[in-house]
>>> print(open('upload.cif').read())   # mmCIF, C-alpha atoms
data_target
loop_
_atom_site.label_atom_id
_atom_site.label_comp_id
_atom_site.auth_asym_id
_atom_site.auth_seq_id
_atom_site.Cartn_x
_atom_site.Cartn_y
_atom_site.Cartn_z
CA MET W 134 227.97 304.18 164.07
CA ASP W 135 227.35 305.30 167.63
CA THR W 136 224.25 304.11 169.46
CA MET W 137 221.34 306.24 170.60
CA ARG W 138 222.66 306.12 174.15
CA ASP W 139 226.15 307.12 172.98
CA ARG W 140 224.52 310.21 171.49
CA PHE W 141 222.42 310.98 174.57
CA ALA W 142 225.04 312.32 177.02
CA PRO W 143 226.88 314.62 174.56
CA VAL W 144 223.61 316.09 173.30
CA LEU W 145 222.15 316.61 176.76
CA SER W 146 225.47 318.06 177.96
CA ARG W 147 225.20 320.70 175.22
CA ILE W 148 221.60 321.38 176.24
CA LEU W 149 222.77 321.87 179.84
CA ASP W 150 225.26 324.46 178.55
CA GLU W 151 222.56 326.19 176.51
CA ASP W 152 219.62 326.21 178.94
CA PRO W 153 220.05 326.98 182.67
CA ARG W 154 216.59 325.57 183.40
CA VAL W 155 217.59 322.01 182.43
CA ALA W 156 218.92 319.50 184.95
CA VAL W 157 219.77 315.81 184.63
CA VAL W 158 219.11 313.31 187.42
CA LEU W 159 220.90 309.94 187.35
CA ALA W 160 220.82 306.82 189.50
CA GLU W 161 224.47 305.72 189.20
CA ILE W 162 223.89 304.25 185.74
CA GLY W 163 225.21 306.56 183.01
CA VAL W 164 227.13 308.90 185.33
CA ALA W 165 230.56 308.72 183.64
CA PRO W 166 229.58 310.33 180.30
CA PHE W 167 228.33 313.39 182.21
CA ALA W 168 231.63 314.00 184.03
CA GLY W 169 232.44 317.11 182.01
CA ALA W 170 228.96 318.55 182.36
CA ALA W 171 229.04 317.83 186.10
CA LYS W 172 232.19 319.94 186.47
CA ARG W 173 230.60 322.83 184.58
CA HIS W 174 227.16 322.52 186.21
CA PRO W 175 227.54 320.67 189.53
CA GLU W 176 224.17 321.91 190.77
CA ARG W 177 222.35 320.57 187.67
CA VAL W 178 223.96 317.13 187.20
CA ILE W 179 222.67 315.10 190.12
CA ASN W 180 223.47 311.47 190.94
CA VAL W 181 221.18 310.03 193.63
CA GLY W 182 222.86 306.61 193.69
CA ILE W 183 220.99 303.36 193.19
CA ARG W 184 217.67 304.83 194.34
CA GLU W 185 215.28 304.83 191.42
CA GLN W 186 212.25 306.07 193.39
CA LEU W 187 214.37 309.00 194.56
CA LEU W 188 215.51 309.56 190.97
CA VAL W 189 211.94 310.32 189.95
CA GLY W 190 211.03 312.13 193.17
CA ALA W 191 214.06 314.40 192.95
CA GLY W 192 213.21 315.15 189.32
CA ALA W 193 209.68 316.14 190.30
CA GLY W 194 211.07 318.38 193.03
CA LEU W 195 213.21 320.15 190.47
CA ALA W 196 210.14 320.58 188.27
CA LEU W 197 208.21 322.12 191.17
CA ALA W 198 211.11 324.55 191.58
CA GLY W 199 210.77 325.66 187.96
CA MET W 200 213.42 323.45 186.38
CA ARG W 201 213.12 321.11 183.40
CA PRO W 202 214.39 317.74 184.73
CA VAL W 203 215.69 314.90 182.57
CA MET W 204 215.85 311.55 184.39
CA HIS W 205 217.84 308.66 182.95
CA THR W 206 218.45 304.98 183.65
CA PHE W 207 217.43 301.61 182.21
CA ALA W 208 213.76 301.39 181.25
CA SER W 209 212.89 298.78 183.88
CA PHE W 210 214.37 301.02 186.60
CA LEU W 211 212.89 304.24 185.19
CA VAL W 212 209.29 303.30 184.40
CA GLU W 213 208.52 300.05 186.19
CA ARG W 214 210.34 300.21 189.54
CA PRO W 215 209.37 303.82 190.44
CA PHE W 216 205.98 303.75 188.72
CA GLU W 217 204.14 305.13 191.77
CA GLN W 218 206.46 308.14 191.80
CA VAL W 219 205.93 308.67 188.06
CA LYS W 220 202.17 308.51 188.62
CA LEU W 221 202.01 310.77 191.68
CA ASP W 222 205.06 313.03 191.66
CA PHE W 223 204.55 314.08 188.04
CA GLY W 224 200.97 313.26 187.05
CA HIS W 225 199.15 314.01 190.29
CA GLN W 226 201.21 317.12 190.99
CA GLY W 227 200.77 318.31 187.41
CA VAL W 228 204.43 319.00 186.66
CA GLY W 229 206.50 318.11 183.63
CA GLY W 230 209.76 316.37 182.95
CA VAL W 231 211.56 314.03 180.59
CA LEU W 232 212.21 310.35 181.18
CA VAL W 233 214.98 308.98 178.94
CA SER W 234 215.48 305.23 179.11
CA ALA W 235 218.06 302.79 177.81
CA GLY W 236 217.88 299.02 177.62
CA ALA W 237 214.53 298.91 175.79
CA SER W 238 212.85 295.49 175.63
CA TYR W 239 215.93 293.25 175.67
CA ASP W 240 219.05 295.30 174.84
CA VAL W 241 220.67 294.11 178.08
CA SER W 242 219.42 290.56 177.71
CA SER W 243 222.53 289.12 179.37
CA GLY W 244 221.49 290.94 182.54
CA GLY W 245 218.33 288.87 182.80
CA PHE W 246 214.68 289.84 182.87
CA THR W 247 215.23 292.52 185.52
CA HIS W 248 217.00 294.56 182.84
CA MET W 249 214.29 294.06 180.22
CA SER W 250 211.20 296.24 179.86
CA PRO W 251 208.90 295.22 177.00
CA GLY W 252 205.92 296.61 178.95
CA ASP W 253 207.15 300.17 179.58
CA VAL W 254 205.05 301.96 176.95
CA ALA W 255 201.95 299.94 177.86
CA LEU W 256 202.46 300.88 181.52
CA LEU W 257 202.76 304.59 180.72
CA ASP W 258 199.56 304.21 178.69
CA THR W 259 197.69 303.81 181.99
CA LEU W 260 198.60 307.43 182.84
CA ASP W 261 197.27 310.63 181.32
CA GLY W 262 199.28 313.05 179.27
CA TRP W 263 202.59 311.30 178.61
CA ARG W 264 204.14 311.85 175.18
CA VAL W 265 206.17 308.83 174.02
CA HIS W 266 209.03 308.95 171.50
CA VAL W 267 210.64 305.81 170.04
CA PRO W 268 213.50 306.83 167.73
CA GLY W 269 214.82 304.36 165.20
CA HIS W 270 218.26 305.94 164.65
CA PRO W 271 220.74 307.98 166.75
CA ASP W 272 220.13 311.09 164.61
CA GLU W 273 216.40 310.77 165.29
CA ALA W 274 217.12 310.26 168.98
CA GLU W 275 218.93 313.62 169.06
CA VAL W 276 216.03 315.39 167.33
CA LEU W 277 213.42 313.81 169.58
CA LEU W 278 215.44 314.44 172.75
CA ARG W 279 215.70 318.13 171.93
CA HIS W 280 212.00 318.18 171.10
CA ALA W 281 211.15 316.51 174.41
CA VAL W 282 213.36 318.73 176.55
CA GLY W 283 211.99 321.81 174.79
CA GLY W 284 208.49 320.55 175.51
CA GLY W 285 206.81 322.65 172.82
CA SER W 286 204.96 325.79 173.84
CA ASP W 287 202.76 324.19 176.50
CA SER W 288 203.31 325.91 179.85
CA ARG W 289 200.60 325.68 182.49
CA SER W 290 202.78 325.24 185.54
CA GLY W 291 203.20 328.94 186.27
CA HIS W 292 206.99 328.54 186.39
CA GLY W 293 207.60 329.75 182.86
CA VAL W 294 208.76 326.34 181.61
CA SER W 295 206.87 323.58 179.88
CA ASP W 296 205.01 321.09 182.02
CA SER W 297 204.79 318.50 179.24
CA ARG W 298 205.59 314.96 180.34
CA GLU W 299 207.79 313.13 177.85
CA TYR W 300 209.29 309.65 177.54
CA VAL W 301 212.18 309.01 175.13
CA ARG W 302 212.93 305.30 174.62
CA LEU W 303 216.50 304.66 173.47
CA SER W 304 217.70 301.33 172.08
CA VAL W 305 220.78 299.69 170.61
CA GLN W 306 218.53 298.54 167.75
CA SER W 307 218.76 300.99 164.88
CA ASN W 308 217.66 301.41 161.29
CA ARG W 309 220.38 302.00 158.72
CA GLU W 310 219.26 305.54 157.88
CA ALA W 311 217.61 308.37 159.77
CA LEU W 312 214.41 309.98 158.51
CA PRO W 313 213.21 313.58 159.06
CA VAL W 314 211.09 313.03 162.17
CA ASP W 315 209.32 315.95 163.84
CA GLY W 316 208.10 314.66 167.19
CA GLU W 317 204.50 314.76 166.01
CA ARG W 318 203.45 312.86 162.88
CA PHE W 319 203.92 309.48 161.24
CA LEU W 320 205.89 309.50 157.98
CA SER W 321 204.65 307.82 154.81
CA VAL W 322 207.48 305.62 153.55
CA ARG W 323 205.72 303.43 150.99
CA GLU W 324 202.29 303.43 149.37
CA GLY W 325 200.16 300.41 148.50
CA ARG W 326 196.57 299.26 148.06
CA GLN W 327 196.11 296.16 150.21
CA GLY W 328 196.71 297.40 153.74
CA VAL W 329 198.77 299.67 155.95
CA VAL W 330 201.73 298.61 158.08
CA VAL W 331 202.86 300.95 160.86
CA ALA W 332 206.53 300.39 161.75
CA VAL W 333 207.56 301.84 165.11
CA GLY W 334 211.12 303.11 165.63
CA PRO W 335 213.82 300.48 165.06
CA MET W 336 211.32 298.08 163.46
CA LEU W 337 211.33 300.03 160.16
CA ASP W 338 214.17 298.24 158.37
CA ASN W 339 212.73 294.80 159.15
CA VAL W 340 209.25 295.92 158.10
CA LEU W 341 210.51 297.32 154.80
CA ALA W 342 212.38 294.08 154.10
CA ALA W 343 209.35 292.03 155.12
CA THR W 344 206.96 293.94 152.85
CA GLU W 345 209.24 294.25 149.83
CA GLY W 346 207.13 293.53 146.75
CA LEU W 347 203.85 293.51 148.69
CA ASP W 348 201.20 296.02 147.70
CA VAL W 349 200.97 297.66 151.13
CA SER W 350 201.54 301.14 152.54
CA VAL W 351 204.18 301.60 155.24
CA LEU W 352 204.02 304.36 157.85
CA TYR W 353 206.96 305.17 160.11
CA ALA W 354 206.14 306.12 163.70
CA THR W 355 208.69 307.56 166.12
CA THR W 356 206.29 309.55 168.29
CA VAL W 357 203.58 307.07 169.25
CA ARG W 358 201.79 309.05 171.96
CA PRO W 359 199.81 310.98 171.06
CA PHE W 360 199.02 308.43 168.38
CA ASP W 361 198.80 310.05 164.92
CA ALA W 362 195.21 308.99 164.26
CA ALA W 363 194.85 311.47 161.38
CA GLY W 364 197.98 310.12 159.69
CA LEU W 365 196.77 306.54 159.94
CA ARG W 366 193.35 307.52 158.63
CA ARG W 367 194.88 309.30 155.62
CA ALA W 368 196.96 306.23 154.81
CA VAL W 369 193.94 303.94 155.07
CA ASP W 370 191.87 306.23 152.87
CA ALA W 371 194.64 306.40 150.26
CA SER W 372 195.18 302.66 150.36
CA GLY W 373 191.51 301.79 150.09
CA SER W 374 192.06 299.02 152.63
CA ALA W 375 191.33 299.22 156.36
CA ASP W 376 193.58 296.26 157.19
CA VAL W 377 196.26 297.62 159.54
CA VAL W 378 199.33 295.96 161.06
CA VAL W 379 201.22 297.74 163.85
CA VAL W 380 204.78 296.44 164.43
CA GLU W 381 206.24 297.68 167.72
CA PRO W 382 209.59 296.95 169.44
CA TYR W 383 207.82 296.42 172.78
CA LEU W 384 204.77 294.53 174.04
CA ALA W 385 202.63 293.27 171.16
CA GLY W 386 199.30 295.04 170.94
CA THR W 387 200.34 298.15 172.87
CA SER W 388 198.94 300.47 170.17
CA THR W 389 196.12 298.26 168.92
CA SER W 390 193.45 300.19 170.82
CA ALA W 391 194.80 303.51 169.51
CA ALA W 392 194.64 302.23 165.93
CA ASN W 393 191.13 300.89 166.54
CA ASP W 394 190.04 304.28 167.89
CA ALA W 395 191.46 306.03 164.82
CA LEU W 396 189.28 303.86 162.58
CA ALA W 397 186.24 303.59 164.82
CA ASP W 398 183.77 304.69 162.13
CA LEU W 399 185.13 302.23 159.54
CA PRO W 400 184.90 298.44 159.27
CA HIS W 401 188.54 297.51 159.86
CA ARG W 402 190.99 294.95 161.19
CA VAL W 403 194.11 295.58 163.27
CA LEU W 404 196.95 293.14 163.94
CA GLY W 405 199.42 294.06 166.68
CA LEU W 406 202.91 292.54 166.37
CA GLY W 407 205.67 293.02 168.92
CA VAL W 408 207.33 291.40 171.90
CA GLY W 409 205.35 288.45 173.24
CA ARG W 410 204.25 288.11 176.85
CA GLN W 411 206.15 284.88 177.36
CA GLU W 412 209.55 285.44 178.95
CA LEU W 413 212.44 284.00 176.94
CA ARG W 414 214.40 282.63 179.88
CA ARG W 415 217.53 281.62 178.00
CA TYR W 416 218.15 285.33 177.35
CA GLY W 417 220.45 285.17 174.31
CA SER W 418 221.53 288.07 172.09
CA VAL W 419 219.37 290.94 170.87
CA GLU W 420 219.18 289.24 167.47
CA GLU W 421 218.02 286.00 169.08
CA HIS W 422 215.30 287.85 170.95
CA ILE W 423 214.16 289.54 167.73
CA ALA W 424 213.88 286.13 166.06
CA GLY W 425 212.34 284.54 169.16
CA HIS W 426 209.52 287.08 169.16
CA GLY W 427 208.95 286.81 165.41
CA LEU W 428 210.20 290.31 164.63
CA ASP W 429 212.86 289.42 162.05
CA ALA W 430 212.07 290.16 158.40
CA ALA W 431 211.23 286.58 157.43
CA ALA W 432 208.81 286.04 160.31
CA LEU W 433 207.21 289.45 159.83
CA ARG W 434 206.62 288.73 156.13
CA GLU W 435 204.87 285.49 156.96
CA ARG W 436 202.72 287.06 159.67
CA ILE W 437 201.80 290.18 157.68
CA SER W 438 201.06 288.21 154.50
CA GLY W 439 199.00 285.69 156.45
CA PHE W 440 196.92 288.47 157.96
CA LEU W 441 196.24 290.09 154.59
CA LEU W 442 195.60 286.72 152.96
CA SER W 443 192.96 285.86 155.56
CA ARG W 444 190.86 288.79 154.32
CA SER W 445 191.39 288.63 150.57
CA GLY W 446 191.66 284.91 150.01
CA ALA W 447 194.66 285.57 147.78
CA PRO W 448 198.26 286.61 148.45
CA ALA W 449 198.98 290.31 148.82
CA GLY W 450 199.57 291.76 145.38
CA VAL W 451 202.89 292.95 144.04
CA SER W 452 203.52 296.68 144.02
CA ALA W 453 203.79 298.42 140.69
#
>>> encode(input="upload.cif", output="structure tokens")
Amino acid sequence: MDTMRDRFAPVLSRILDEDPRVAVVLAEIGVAPFAGAAKRHPERVINVGIREQLLVGAGAGLALAGMRPVMHTFASFLVERPFEQVKLDFGHQGVGGVLVSAGASYDVSSGGFTHMSPGDVALLDTLDGWRVHVPGHPDEAEVLLRHAVGGGSDSRSGHGVSDSREYVRLSVQSNREALPVDGERFLSVREGRQGVVVAVGPMLDNVLAATEGLDVSVLYATTVRPFDAAGLRRAVDASGSADVVVVEPYLAGTSTSAANDALADLPHRVLGLGVGRQELRRYGSVEEHIAGHGLDAAALRERISGFLLSRSGAPAGVSA
């Protein structure tokens, strides 16, 4: 199966053919897969070289000119390194665009910590108005990319194109099967009575394995900002338990405050599981990082069960 990033360039190349407003801005990384599109649309496939601040600044300039820019590189070079440009050139100027990252939290672990970005979503959370998509399968990545580039019907810029600001986080981690995501709501995957587990993007398969036989509901989240507060509340109401676990493939606790806000009028507990703050300096493979951060199925089962047990005084019940 191809990866999300393998899918990215062919899909965006077709979008470039379909929509003359769309442009892609690259910073050397990922240039080769756009060679065909660059020949067809040389004015809309732009490589600025290894200049990540310019990558974002050039994208914002295109947005000011009425284009819909898509900017792509590794997450640490797209969100962290040019963060001031993301904050000012897009947010302060009130224009829209699409950031599409690769590398995720530790996909390029052999490249060292400079190529890892477990804090990217948390960093974007400090800014207003960014929509964040975390697909868990290449098919979902295609749907969410098209959704992000289309930007919905919001258009306040006066240029006739959407000024929505979107972040699409691609990863080599993938669930076995795609689900019908819509760029808006969480999906109910399993129903139970002793808590709700929210699995974000590529965490779904491990969460389903970890909760097999436990009497818990599982929600699947691929668009995490805006956070689907109504969907979480419905799941909690149906479950009858306000114990919530959020399992994210980036910094642990990133969505804890959003879940707390969704349940503000209820007595509740929220456990945030994800990538720890401690840097794993031996790097290792993606699978070793998953295990090192306690995100494999066995570790998740222990952590989720322990959380539920601490409330009930008895193990989580078995589903009917």
>>> atom_distance(input="upload.cif", atom1="atom CA of Pro153 of chain W", atom2="atom CA of Met200 of chain W")
8.4 Å
>>> axis_aligned_box(input="upload.cif", around="segment 189-206 of chain W", padding_each_side="4 Å", output="JSON")
{"center_x": 213.3, "center_y": 315.3, "center_z": 187.9, "size_x": 18.2, "size_y": 28.7, "size_z": 18.6}
>>> residues_around(input="upload.cif", residues="Val241 of chain W", least_positions_apart="2", cutoff="10 Å", atoms="only C-alpha atoms", output="list in words")
Phe207, Ala235, Gly236, Ala237, Ser238, Tyr239, Ser243, Gly244, Gly245, Phe246, Thr247, His248, Met249, Ser250, Ser304, Val305, Tyr416, Gly417, Ser418 and Val419 of chain W
>>> atom_distance(input="upload.cif", atom1="atom CA of Pro335 of chain W", atom2="atom CA of Ser307 of chain W")
5.0 Å
>>> closest_residue(input="upload.cif", among="W:Val155, W:Ile183, W:Leu221, W:Ala354", to="Pro268 of chain W", atoms="only C-alpha atoms")
W:Ala354
